[in-house]
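One file, my_file.cif, carrying mmCIF, C-alpha atoms and all ligand atoms:
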data_entry
#
loop_
_atom_site.group_PDB
_atom_site.id
_atom_site.type_symbol
_atom_site.label_atom_id
_atom_site.label_comp_id
_atom_site.auth_asym_id
_atom_site.auth_seq_id
_atom_site.Cartn_x
_atom_site.Cartn_y
_atom_site.Cartn_z
ATOM 1 C CA MET A 1 -12.009 -16.900 -26.967
ATOM 2 C CA SER A 2 -10.639 -17.185 -23.411
ATOM 3 C CA HIS A 3 -11.915 -19.946 -21.072
ATOM 4 C CA ALA A 4 -14.080 -18.638 -18.209
ATOM 5 C CA LEU A 5 -11.592 -20.118 -15.692
ATOM 6 C CA PHE A 6 -8.979 -17.624 -16.863
ATOM 7 C CA ASP A 7 -11.304 -14.613 -17.068
ATOM 8 C CA LEU A 8 -10.178 -11.757 -14.795
ATOM 9 C CA SER A 9 -13.120 -9.472 -15.587
ATOM 10 C CA GLY A 10 -14.354 -7.622 -12.506
ATOM 11 C CA HIS A 11 -11.032 -8.038 -10.688
ATOM 12 C CA THR A 12 -8.454 -5.380 -9.867
ATOM 13 C CA ALA A 13 -4.749 -6.176 -10.024
ATOM 14 C CA LEU A 14 -1.873 -4.236 -8.471
ATOM 15 C CA VAL A 15 1.440 -5.054 -10.152
ATOM 16 C CA THR A 16 4.472 -3.479 -8.516
ATOM 17 C CA GLY A 17 7.217 -2.257 -10.809
ATOM 18 C CA SER A 18 4.836 -2.393 -13.778
ATOM 19 C CA SER A 19 5.778 0.778 -15.668
ATOM 20 C CA ARG A 20 8.296 -1.307 -17.643
ATOM 21 C CA GLY A 21 10.021 -4.693 -17.987
ATOM 22 C CA LEU A 22 8.514 -7.922 -16.694
ATOM 23 C CA GLY A 23 5.957 -6.068 -14.575
ATOM 24 C CA ARG A 24 4.665 -4.134 -17.584
ATOM 25 C CA ALA A 25 4.316 -7.310 -19.632
ATOM 26 C CA ILE A 26 2.475 -9.055 -16.791
ATOM 27 C CA ALA A 27 0.193 -6.016 -16.298
ATOM 28 C CA GLU A 28 -0.679 -5.948 -20.000
ATOM 29 C CA GLY A 29 -1.389 -9.681 -19.938
ATOM 30 C CA LEU A 30 -3.680 -9.421 -16.909
ATOM 31 C CA ALA A 31 -5.473 -6.485 -18.564
ATOM 32 C CA LYS A 32 -6.019 -8.526 -21.737
ATOM 33 C CA ALA A 33 -7.579 -11.203 -19.508
ATOM 34 C CA GLY A 34 -10.055 -8.585 -18.249
ATOM 35 C CA ALA A 35 -8.483 -7.191 -15.079
ATOM 36 C CA ARG A 36 -8.482 -3.516 -14.101
ATOM 37 C CA LEU A 37 -4.844 -2.585 -13.546
ATOM 38 C CA ILE A 38 -3.141 -0.474 -10.899
ATOM 39 C CA ILE A 39 0.249 0.407 -12.395
ATOM 40 C CA ASN A 40 3.039 1.021 -9.889
ATOM 41 C CA GLY A 41 6.545 2.366 -10.117
ATOM 42 C CA VAL A 42 8.722 4.762 -8.186
ATOM 43 C CA ASP A 43 8.724 7.342 -11.010
ATOM 44 C CA PRO A 44 5.330 9.116 -11.359
ATOM 45 C CA GLY A 45 6.105 10.149 -14.930
ATOM 46 C CA ARG A 46 6.841 6.589 -16.033
ATOM 47 C CA VAL A 47 3.721 5.345 -14.219
ATOM 48 C CA GLU A 48 1.482 7.883 -15.921
ATOM 49 C CA ALA A 49 3.004 7.109 -19.326
ATOM 50 C CA ALA A 50 2.347 3.396 -18.791
ATOM 51 C CA VAL A 51 -1.239 4.131 -17.701
ATOM 52 C CA ALA A 52 -1.766 6.231 -20.827
ATOM 53 C CA ASP A 53 -0.439 3.398 -23.009
ATOM 54 C CA MET A 54 -2.683 0.863 -21.286
ATOM 55 C CA ARG A 55 -5.732 3.114 -21.654
ATOM 56 C CA GLY A 56 -4.805 3.754 -25.273
ATOM 57 C CA ALA A 57 -4.949 -0.004 -25.788
ATOM 58 C CA GLY A 58 -8.475 0.002 -24.359
ATOM 59 C CA HIS A 59 -7.617 -1.353 -20.917
ATOM 60 C CA ALA A 60 -8.911 -0.085 -17.535
ATOM 61 C CA ALA A 61 -5.815 1.244 -15.777
ATOM 62 C CA GLU A 62 -4.758 3.785 -13.206
ATOM 63 C CA GLY A 63 -1.507 4.685 -11.542
ATOM 64 C CA SER A 64 -0.187 4.448 -7.999
ATOM 65 C CA ALA A 65 3.392 5.688 -7.829
ATOM 66 C CA PHE A 66 5.242 4.730 -4.652
ATOM 67 C CA ASP A 67 8.636 3.372 -3.612
ATOM 68 C CA VAL A 68 8.207 -0.292 -2.630
ATOM 69 C CA THR A 69 10.902 0.147 0.055
ATOM 70 C CA ASP A 70 8.947 2.975 1.744
ATOM 71 C CA GLU A 71 6.538 1.387 4.237
ATOM 72 C CA GLU A 72 4.744 4.668 4.968
ATOM 73 C CA ALA A 73 4.163 5.207 1.255
ATOM 74 C CA ILE A 74 2.835 1.644 0.883
ATOM 75 C CA VAL A 75 0.393 2.038 3.778
ATOM 76 C CA ALA A 76 -0.711 5.435 2.411
ATOM 77 C CA ALA A 77 -1.310 3.904 -1.030
ATOM 78 C CA PHE A 78 -3.508 1.149 0.415
ATOM 79 C CA ASN A 79 -5.387 3.737 2.491
ATOM 80 C CA ARG A 80 -6.011 5.650 -0.750
ATOM 81 C CA PHE A 81 -7.311 2.451 -2.367
ATOM 82 C CA ASP A 82 -9.655 1.954 0.622
ATOM 83 C CA ALA A 83 -10.909 5.552 0.436
ATOM 84 C CA ALA A 84 -11.561 5.173 -3.294
ATOM 85 C CA GLY A 85 -13.372 1.865 -2.833
ATOM 86 C CA ILE A 86 -10.662 0.019 -4.777
ATOM 87 C CA GLU A 87 -10.379 -3.638 -3.738
ATOM 88 C CA ILE A 88 -7.069 -5.240 -4.730
ATOM 89 C CA ASP A 89 -8.062 -8.793 -5.716
ATOM 90 C CA ILE A 90 -4.744 -9.683 -7.340
ATOM 91 C CA LEU A 91 -1.314 -8.595 -6.113
ATOM 92 C CA VAL A 92 1.794 -9.240 -8.205
ATOM 93 C CA ASN A 93 4.953 -8.490 -6.229
ATOM 94 C CA ASN A 94 7.283 -7.918 -9.163
ATOM 95 C CA ALA A 95 9.396 -4.876 -8.259
ATOM 96 C CA GLY A 96 13.096 -5.682 -7.978
ATOM 97 C CA ILE A 97 16.617 -4.518 -8.670
ATOM 98 C CA GLN A 98 19.848 -6.263 -9.548
ATOM 99 C CA VAL A 99 23.399 -5.378 -8.446
ATOM 100 C CA ARG A 100 26.269 -7.482 -9.719
ATOM 101 C CA LYS A 101 29.669 -7.583 -7.973
ATOM 102 C CA PRO A 102 31.725 -10.045 -5.896
ATOM 103 C CA LEU A 103 30.080 -10.670 -2.517
ATOM 104 C CA VAL A 104 33.141 -9.402 -0.627
ATOM 105 C CA GLU A 105 32.757 -6.011 -2.340
ATOM 106 C CA PHE A 106 29.132 -5.404 -1.284
ATOM 107 C CA SER A 107 28.574 -2.829 1.435
ATOM 108 C CA SER A 108 25.922 -3.560 4.056
ATOM 109 C CA ALA A 109 23.923 -0.658 2.644
ATOM 110 C CA GLU A 110 24.010 -2.173 -0.853
ATOM 111 C CA TRP A 111 22.975 -5.544 0.601
ATOM 112 C CA ARG A 112 20.062 -3.966 2.455
ATOM 113 C CA LYS A 113 18.909 -2.058 -0.629
ATOM 114 C CA VAL A 114 18.617 -5.264 -2.678
ATOM 115 C CA ILE A 115 16.960 -7.246 0.141
ATOM 116 C CA GLU A 116 14.505 -4.433 0.923
ATOM 117 C CA THR A 117 13.557 -3.891 -2.721
ATOM 118 C CA ASN A 118 13.349 -7.550 -3.781
ATOM 119 C CA LEU A 119 12.090 -9.281 -0.611
ATOM 120 C CA THR A 120 10.951 -6.998 2.223
ATOM 121 C CA SER A 121 8.705 -5.082 -0.184
ATOM 122 C CA ALA A 122 6.827 -8.295 -1.024
ATOM 123 C CA PHE A 123 6.232 -8.891 2.686
ATOM 124 C CA VAL A 124 5.025 -5.330 3.448
ATOM 125 C CA ILE A 125 2.821 -5.003 0.359
ATOM 126 C CA GLY A 126 1.600 -8.586 0.778
ATOM 127 C CA ARG A 127 0.706 -7.866 4.394
ATOM 128 C CA GLU A 128 -1.288 -4.752 3.465
ATOM 129 C CA ALA A 129 -3.092 -6.594 0.668
ATOM 130 C CA ALA A 130 -3.834 -9.650 2.828
ATOM 131 C CA LYS A 131 -5.285 -7.508 5.637
ATOM 132 C CA ARG A 132 -7.966 -6.536 3.145
ATOM 133 C CA MET A 133 -8.266 -9.891 1.316
ATOM 134 C CA ILE A 134 -8.786 -11.966 4.496
ATOM 135 C CA PRO A 135 -12.161 -10.394 5.453
ATOM 136 C CA ARG A 136 -13.271 -10.780 1.820
ATOM 137 C CA LYS A 137 -12.204 -14.457 1.960
ATOM 138 C CA ARG A 138 -10.579 -14.258 -1.453
ATOM 139 C CA GLY A 139 -7.376 -13.002 -3.046
ATOM 140 C CA LYS A 140 -4.488 -13.896 -5.320
ATOM 141 C CA ILE A 141 -0.884 -13.141 -4.507
ATOM 142 C CA VAL A 142 1.783 -13.798 -7.140
ATOM 143 C CA ASN A 143 5.366 -13.182 -6.073
ATOM 144 C CA ILE A 144 8.084 -12.953 -8.718
ATOM 145 C CA GLY A 145 11.022 -15.203 -7.891
ATOM 146 C CA SER A 146 13.874 -16.228 -10.142
ATOM 147 C CA LEU A 147 16.122 -19.135 -11.090
ATOM 148 C CA ALA A 148 18.063 -17.574 -8.220
ATOM 149 C CA SER A 149 15.300 -18.835 -5.946
ATOM 150 C CA GLU A 150 16.921 -22.259 -6.499
ATOM 151 C CA LEU A 151 20.471 -21.793 -7.792
ATOM 152 C CA ALA A 152 23.318 -19.341 -7.302
ATOM 153 C CA ARG A 153 25.907 -17.896 -9.588
ATOM 154 C CA PRO A 154 28.825 -15.590 -8.670
ATOM 155 C CA THR A 155 28.281 -11.796 -8.352
ATOM 156 C CA VAL A 156 24.541 -11.787 -7.555
ATOM 157 C CA GLY A 157 24.609 -12.786 -3.875
ATOM 158 C CA PRO A 158 22.100 -10.297 -2.381
ATOM 159 C CA TYR A 159 19.684 -10.879 -5.288
ATOM 160 C CA THR A 160 19.973 -14.660 -4.841
ATOM 161 C CA ALA A 161 19.378 -14.410 -1.095
ATOM 162 C CA ALA A 162 16.325 -12.221 -1.703
ATOM 163 C CA LYS A 163 14.862 -14.491 -4.369
ATOM 164 C CA GLY A 164 15.441 -17.546 -2.187
ATOM 165 C CA GLY A 165 13.492 -15.682 0.457
ATOM 166 C CA ILE A 166 10.676 -14.994 -2.015
ATOM 167 C CA LYS A 167 10.219 -18.764 -2.455
ATOM 168 C CA ASN A 168 9.725 -19.365 1.260
ATOM 169 C CA LEU A 169 7.847 -16.110 1.902
ATOM 170 C CA THR A 170 5.390 -17.416 -0.712
ATOM 171 C CA ARG A 171 5.053 -20.679 1.219
ATOM 172 C CA SER A 172 4.563 -18.749 4.475
ATOM 173 C CA MET A 173 1.846 -16.617 2.923
ATOM 174 C CA ALA A 174 0.200 -19.769 1.557
ATOM 175 C CA VAL A 175 0.128 -21.685 4.840
ATOM 176 C CA GLU A 176 -1.168 -18.695 6.833
ATOM 177 C CA TRP A 177 -3.719 -17.314 4.384
ATOM 178 C CA ALA A 178 -5.062 -20.345 2.433
ATOM 179 C CA ALA A 179 -7.871 -20.917 4.927
ATOM 180 C CA SER A 180 -8.983 -17.343 4.231
ATOM 181 C CA GLY A 181 -9.466 -18.093 0.556
ATOM 182 C CA ILE A 182 -6.175 -16.546 -0.549
ATOM 183 C CA GLN A 183 -3.872 -18.352 -2.982
ATOM 184 C CA ALA A 184 -0.228 -17.256 -2.719
ATOM 185 C CA ASN A 185 2.134 -18.568 -5.369
ATOM 186 C CA ALA A 186 5.193 -17.451 -7.313
ATOM 187 C CA ILE A 187 6.611 -17.330 -10.808
ATOM 188 C CA GLY A 188 10.315 -17.976 -11.383
ATOM 189 C CA PRO A 189 11.372 -16.259 -14.606
ATOM 190 C CA GLY A 190 14.464 -17.595 -16.325
ATOM 191 C CA TYR A 191 16.827 -15.358 -18.246
ATOM 192 C CA MET A 192 14.470 -12.832 -19.836
ATOM 193 C CA LEU A 193 15.189 -10.038 -22.297
ATOM 194 C CA THR A 194 14.829 -7.016 -20.008
ATOM 195 C CA ASP A 195 16.737 -3.764 -19.381
ATOM 196 C CA MET A 196 18.054 -5.326 -16.153
ATOM 197 C CA ASN A 197 19.791 -8.031 -18.186
ATOM 198 C CA GLU A 198 21.069 -5.864 -21.019
ATOM 199 C CA ALA A 199 24.672 -6.148 -19.818
ATOM 200 C CA LEU A 200 24.362 -9.943 -19.907
ATOM 201 C CA VAL A 201 22.727 -10.040 -23.319
ATOM 202 C CA ASN A 202 25.581 -7.937 -24.710
ATOM 203 C CA ASN A 203 28.283 -10.102 -23.111
ATOM 204 C CA PRO A 204 29.374 -12.754 -25.649
ATOM 205 C CA ASP A 205 31.029 -14.940 -23.009
ATOM 206 C CA PHE A 206 27.985 -14.894 -20.730
ATOM 207 C CA ASN A 207 25.652 -15.427 -23.668
ATOM 208 C CA GLY A 208 27.679 -18.412 -24.844
ATOM 209 C CA TRP A 209 27.590 -20.003 -21.395
ATOM 210 C CA LEU A 210 23.891 -19.305 -20.988
ATOM 211 C CA MET A 211 22.909 -20.799 -24.350
ATOM 212 C CA SER A 212 24.807 -23.951 -23.353
ATOM 213 C CA ARG A 213 22.713 -24.139 -20.131
ATOM 214 C CA ILE A 214 19.257 -23.474 -21.552
ATOM 215 C CA PRO A 215 17.601 -26.398 -23.376
ATOM 216 C CA SER A 216 15.476 -23.930 -25.386
ATOM 217 C CA LYS A 217 18.723 -22.227 -26.545
ATOM 218 C CA ARG A 218 17.271 -18.704 -26.318
ATOM 219 C CA TRP A 219 16.470 -15.875 -23.911
ATOM 220 C CA GLY A 220 12.868 -15.614 -22.766
ATOM 221 C CA ARG A 221 10.571 -12.737 -23.696
ATOM 222 C CA PRO A 222 8.716 -10.841 -20.924
ATOM 223 C CA ASP A 223 5.366 -11.665 -22.542
ATOM 224 C CA GLU A 224 6.137 -15.372 -22.030
ATOM 225 C CA LEU A 225 5.361 -14.892 -18.331
ATOM 226 C CA VAL A 226 1.758 -13.884 -19.050
ATOM 227 C CA GLY A 227 0.370 -17.434 -19.215
ATOM 228 C CA ALA A 228 1.647 -18.341 -15.752
ATOM 229 C CA ALA A 229 0.561 -14.943 -14.394
ATOM 230 C CA VAL A 230 -3.011 -15.220 -15.693
ATOM 231 C CA PHE A 231 -3.208 -18.812 -14.414
ATOM 232 C CA LEU A 232 -2.068 -17.850 -10.897
ATOM 233 C CA ALA A 233 -4.277 -14.725 -10.892
ATOM 234 C CA SER A 234 -7.421 -16.590 -11.983
ATOM 235 C CA ALA A 235 -9.958 -19.130 -10.725
ATOM 236 C CA ALA A 236 -7.943 -21.759 -12.618
ATOM 237 C CA SER A 237 -5.513 -21.831 -9.653
ATOM 238 C CA ASP A 238 -8.033 -21.771 -6.770
ATOM 239 C CA TYR A 239 -6.574 -24.990 -5.332
ATOM 240 C CA VAL A 240 -2.928 -24.120 -6.048
ATOM 241 C CA ASN A 241 -0.998 -22.720 -3.076
ATOM 242 C CA GLY A 242 2.623 -22.163 -2.127
ATOM 243 C CA GLN A 243 3.944 -23.173 -5.530
ATOM 244 C CA ILE A 244 6.555 -21.571 -7.772
ATOM 245 C CA ILE A 245 6.196 -22.025 -11.521
ATOM 246 C CA TYR A 246 9.446 -21.678 -13.458
ATOM 247 C CA VAL A 247 9.257 -20.091 -16.888
ATOM 248 C CA ASP A 248 12.887 -20.723 -17.825
ATOM 249 C CA GLY A 249 13.170 -22.562 -21.142
ATOM 250 C CA GLY A 250 13.982 -25.743 -19.237
ATOM 251 C CA MET A 251 17.118 -24.381 -17.556
ATOM 252 C CA LEU A 252 16.307 -25.767 -14.094
ATOM 253 C CA ALA A 253 15.631 -29.209 -15.576
ATOM 254 C CA ALA A 254 19.133 -29.447 -17.036
ATOM 255 C CA MET A 255 22.403 -30.505 -15.394
HETATM 256 C C1 LIG A 301 21.763 -12.463 -13.414
HETATM 257 C C2 LIG A 301 20.351 -12.175 -13.914
HETATM 258 C C3 LIG A 301 19.373 -13.184 -13.330
HETATM 259 C C4 LIG A 301 18.068 -13.087 -14.086
HETATM 260 C C5 LIG A 301 16.980 -13.943 -13.521
HETATM 261 C C6 LIG A 301 17.280 -15.390 -13.693
HETATM 262 O O1 LIG A 301 22.517 -11.503 -13.212
HETATM 263 O O2 LIG A 301 22.064 -13.650 -13.251
HETATM 264 O O3 LIG A 301 19.967 -10.858 -13.589
HETATM 265 O O4 LIG A 301 19.238 -12.909 -11.969
HETATM 266 O O5 LIG A 301 17.608 -11.763 -14.073
HETATM 267 O O6 LIG A 301 16.730 -13.637 -12.185
HETATM 268 O O7 LIG A 301 16.171 -16.139 -13.238
#

Would you put the structure from the file into structure tokens?
Ligand code: GCO
Amino acid sequence: MSHALFDLSGHTALVTGSSRGLGRAIAEGLAKAGARLIINGVDPGRVEAAVADMRGAGHAAEGSAFDVTDEEAIVAAFNRFDAAGIEIDILVNNAGIQVRKPLVEFSSAEWRKVIETNLTSAFVIGREAAKRMIPRKRGKIVNIGSLASELARPTVGPYTAAKGGIKNLTRSMAVEWAASGIQANAIGPGYMLTDMNEALVNNPDFNGWLMSRIPSKRWGRPDELVGAAVFLASAASDYVNGQIIYVDGGMLAAM
């Protein structure tokens, strides 16, 4: 039996990039806590398949396919929510991409693509959601950061810059919107078993290094983010603002 503090019944959550990966796991977890889900992704087919799966599992879900780097599409999506009477109570800015190569080999276009997908999107979508949350004097914003919000490693420079920005965008959202009843926080996933990390999982050298750095000595599972997501999406976090919760097997605690 879930505790009333963590009950999301009657609330609607938009999770960007939720047709698969971490976003899908978070969406399923919020649905199990009672939320109605708006599934987002850039591919309409993938979004509809995810919605069908969610509905098949007995959850209230619908799709909103749009590219999180397309501001016009974002504004149009929120206008559609308004027209349909859909109030987004919980926003999870999860959508993101990864590109790995030496910093000197990145083109400006590649840099911009990572920054726009992983950071600017959270600002634009957060702005549209907050415009509607502020008059209602309530709302939950959960941005997805990374260990790269704190630490860097070679070959993921744009991603690291974006995720560092997520940490302080979260703080900016918190300090501007807290008085309007909005709680803006972040989750910092550690190394999780996702498609994005498949190349790392299958790299024995990287795996060996990583297992030496993680006290828990294992990769994380996407569903292991659900606890932090439900907490930050629920009344249990009504006095929590501007924080980032790391779900990383202890990696950030270790030298
Ligand atoms: C990488 C990985 C990391 C993880 C995660 C760690 O190439 O180092 O993609 O960025 O995905 O962000 O917290």

* Counting only C-alpha atoms and all ligand atoms, what residues are within 10 Å of ligand LIG 301 (chain A), given as a VMD selection string? -> chain A and resid 96 to 101 144 to 157 159 to 160 163 187 to 201 206 210 246 to 248 251 to 252

Taking C-alpha atoms for each residue, export the selection above as a PDB file, in the coordinates of the input.
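Just written: selection-v4.pdb:
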ATOM      1  CA  GLY A  96      13.096  -5.682  -7.978  1.00  0.00           C
ATOM      2  CA  ILE A  97      16.617  -4.518  -8.670  1.00  0.00           C
ATOM      3  CA  GLN A  98      19.848  -6.263  -9.548  1.00  0.00           C
ATOM      4  CA  VAL A  99      23.399  -5.378  -8.446  1.00  0.00           C
ATOM      5  CA  ARG A 100      26.269  -7.482  -9.719  1.00  0.00           C
ATOM      6  CA  LYS A 101      29.669  -7.583  -7.973  1.00  0.00           C
ATOM      7  CA  ILE A 144       8.084 -12.953  -8.718  1.00  0.00           C
ATOM      8  CA  GLY A 145      11.022 -15.203  -7.891  1.00  0.00           C
ATOM      9  CA  SER A 146      13.874 -16.228 -10.142  1.00  0.00           C
ATOM     10  CA  LEU A 147      16.122 -19.135 -11.090  1.00  0.00           C
ATOM     11  CA  ALA A 148      18.063 -17.574  -8.220  1.00  0.00           C
ATOM     12  CA  SER A 149      15.300 -18.835  -5.946  1.00  0.00           C
ATOM     13  CA  GLU A 150      16.921 -22.259  -6.499  1.00  0.00           C
ATOM     14  CA  LEU A 151      20.471 -21.793  -7.792  1.00  0.00           C
ATOM     15  CA  ALA A 152      23.318 -19.341  -7.302  1.00  0.00           C
ATOM     16  CA  ARG A 153      25.907 -17.896  -9.588  1.00  0.00           C
ATOM     17  CA  PRO A 154      28.825 -15.590  -8.670  1.00  0.00           C
ATOM     18  CA  THR A 155      28.281 -11.796  -8.352  1.00  0.00           C
ATOM     19  CA  VAL A 156      24.541 -11.787  -7.555  1.00  0.00           C
ATOM     20  CA  GLY A 157      24.609 -12.786  -3.875  1.00  0.00           C
ATOM     21  CA  TYR A 159      19.684 -10.879  -5.288  1.00  0.00           C
ATOM     22  CA  THR A 160      19.973 -14.660  -4.841  1.00  0.00           C
ATOM     23  CA  LYS A 163      14.862 -14.491  -4.369  1.00  0.00           C
ATOM     24  CA  ILE A 187       6.611 -17.330 -10.808  1.00  0.00           C
ATOM     25  CA  GLY A 188      10.315 -17.976 -11.383  1.00  0.00           C
ATOM     26  CA  PRO A 189      11.372 -16.259 -14.606  1.00  0.00           C
ATOM     27  CA  GLY A 190      14.464 -17.595 -16.325  1.00  0.00           C
ATOM     28  CA  TYR A 191      16.827 -15.358 -18.246  1.00  0.00           C
ATOM     29  CA  MET A 192      14.470 -12.832 -19.836  1.00  0.00           C
ATOM     30  CA  LEU A 193      15.189 -10.038 -22.297  1.00  0.00           C
ATOM     31  CA  THR A 194      14.829  -7.016 -20.008  1.00  0.00           C
ATOM     32  CA  ASP A 195      16.737  -3.764 -19.381  1.00  0.00           C
ATOM     33  CA  MET A 196      18.054  -5.326 -16.153  1.00  0.00           C
ATOM     34  CA  ASN A 197      19.791  -8.031 -18.186  1.00  0.00           C
ATOM     35  CA  GLU A 198      21.069  -5.864 -21.019  1.00  0.00           C
ATOM     36  CA  ALA A 199      24.672  -6.148 -19.818  1.00  0.00           C
ATOM     37  CA  LEU A 200      24.362  -9.943 -19.907  1.00  0.00           C
ATOM     38  CA  VAL A 201      22.727 -10.040 -23.319  1.00  0.00           C
ATOM     39  CA  PHE A 206      27.985 -14.894 -20.730  1.00  0.00           C
ATOM     40  CA  LEU A 210      23.891 -19.305 -20.988  1.00  0.00           C
ATOM     41  CA  TYR A 246       9.446 -21.678 -13.458  1.00  0.00           C
ATOM     42  CA  VAL A 247       9.257 -20.091 -16.888  1.00  0.00           C
ATOM     43  CA  ASP A 248      12.887 -20.723 -17.825  1.00  0.00           C
ATOM     44  CA  MET A 251      17.118 -24.381 -17.556  1.00  0.00           C
ATOM     45  CA  LEU A 252      16.307 -25.767 -14.094  1.00  0.00           C
TER      46      LEU A 252
END

Take the PyMOL selection byres (((chain A and resi 50-57) around 8) and not hetatm), apply it to the structure above, and return the hits as a PDB file with C-alpha atoms, in the coordinates of the input.
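What ended up in part-v4.pdb:
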ATOM      1  CA  SER A  19       5.778   0.778 -15.668  1.00  0.00           C
ATOM      2  CA  ARG A  20       8.296  -1.307 -17.643  1.00  0.00           C
ATOM      3  CA  ARG A  24       4.665  -4.134 -17.584  1.00  0.00           C
ATOM      4  CA  GLU A  28      -0.679  -5.948 -20.000  1.00  0.00           C
ATOM      5  CA  ILE A  39       0.249   0.407 -12.395  1.00  0.00           C
ATOM      6  CA  ARG A  46       6.841   6.589 -16.033  1.00  0.00           C
ATOM      7  CA  VAL A  47       3.721   5.345 -14.219  1.00  0.00           C
ATOM      8  CA  GLU A  48       1.482   7.883 -15.921  1.00  0.00           C
ATOM      9  CA  ALA A  49       3.004   7.109 -19.326  1.00  0.00           C
ATOM     10  CA  GLY A  58      -8.475   0.002 -24.359  1.00  0.00           C
ATOM     11  CA  HIS A  59      -7.617  -1.353 -20.917  1.00  0.00           C
ATOM     12  CA  ALA A  60      -8.911  -0.085 -17.535  1.00  0.00           C
ATOM     13  CA  ALA A  61      -5.815   1.244 -15.777  1.00  0.00           C
ATOM     14  CA  GLU A  62      -4.758   3.785 -13.206  1.00  0.00           C
ATOM     15  CA  GLY A  63      -1.507   4.685 -11.542  1.00  0.00           C
TER      16      GLY A  63
END

For this session: Given the file shown, enumerate the residues that the PyMOL selection byres (((chain A and resi 90) around 7) and not hetatm) captures and present them as a list in words.
Result: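 For this structure, the PyMOL selection byres (((chain A and resi 90) around 7) and not hetatm) captures Thr12, Ala13, Leu14, Ile88, Asp89, Leu91, Val92, Gly139, Lys140, Ile141 and Ala233 of chain A.
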
Practice prompt. Please write as a ChimeraX atom specification the full residue list that the PyMOL selection byres (((chain A and resi 213-218) around 6) and not hetatm) yields on this file.
Written response: /A:210-212,219,249-251

(request) Quick one: pull the distance between atom CA of A:Leu22 and atom CA of A:Asp223, Å, one decimal. (result)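 Atom-to-atom, atom CA of A:Leu22 and atom CA of A:Asp223 are spaced 7.6 Å apart.
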
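With only the atoms specified (all atoms listed in the file) counting, those residues at most 9 Å away from (-10.5, 0.6, -7.6) are Thr12, Arg36, Leu37, Ile38, Glu62, Phe81, Asp82, Ala84, Gly85, Ile86, Glu87 and Ile88 of chain A.
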
Computed gap from atom CA of A:Val114 to atom CA of A:Val230 is 27.1 Å

Using all atoms of stretch 12-16 of chain A that appear in the file, construct an axis-aligned enclosing box with 6 Å of padding on every side and provide its centre coordinates and edge lengths in Å, rounded to one decimal, as JSON.
{"center_x": -2.0, "center_y": -4.8, "center_z": -9.3, "size_x": 24.9, "size_y": 14.7, "size_z": 13.7}

Atom CA of A:Pro102 to atom CA of A:Phe123, distance in Å rounded to a single decimal:
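Separation of atom CA of A:Pro102 and atom CA of A:Phe123: 26.9 Å.
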
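You can rank A:Ala186, A:Trp209, A:Ser108, A:Asp70 by their closest distance to A:Phe231 using all atoms listed in the file, and at the top of that list sits A:Ala186.
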
- Message: From (3.1, 2.5, 0.4), in the file's coordinates, out to 10 Å: which residues are reached, counting all atoms listed in the file? Answer as an MDAnalysis selection string.
- Response: chainID A and resid 64:80 121 124:125 128

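Neighbours of A:Gly126 closer than or equal to 10 Å, with only C-alpha atoms counted and sequence neighbours fewer than 6 positions away skipped, come out as Leu91, Val92, Asn93, Thr120, Met133, Ile141, Val142, Asn143, Leu169, Thr170, Met173 and Ala184 of chain A.
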
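For the set A:Asp205, A:Glu224, A:Asp7, A:Glu176, the residue with the smallest atom-to-atom gap to A:Gly242 is A:Glu176, counting all atoms listed in the file.
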
Judged by only C-alpha atoms, the minimum distance to A:Leu8 among A:Trp111, A:Ala162, A:Arg132, A:Ala236 is found for A:Ala236
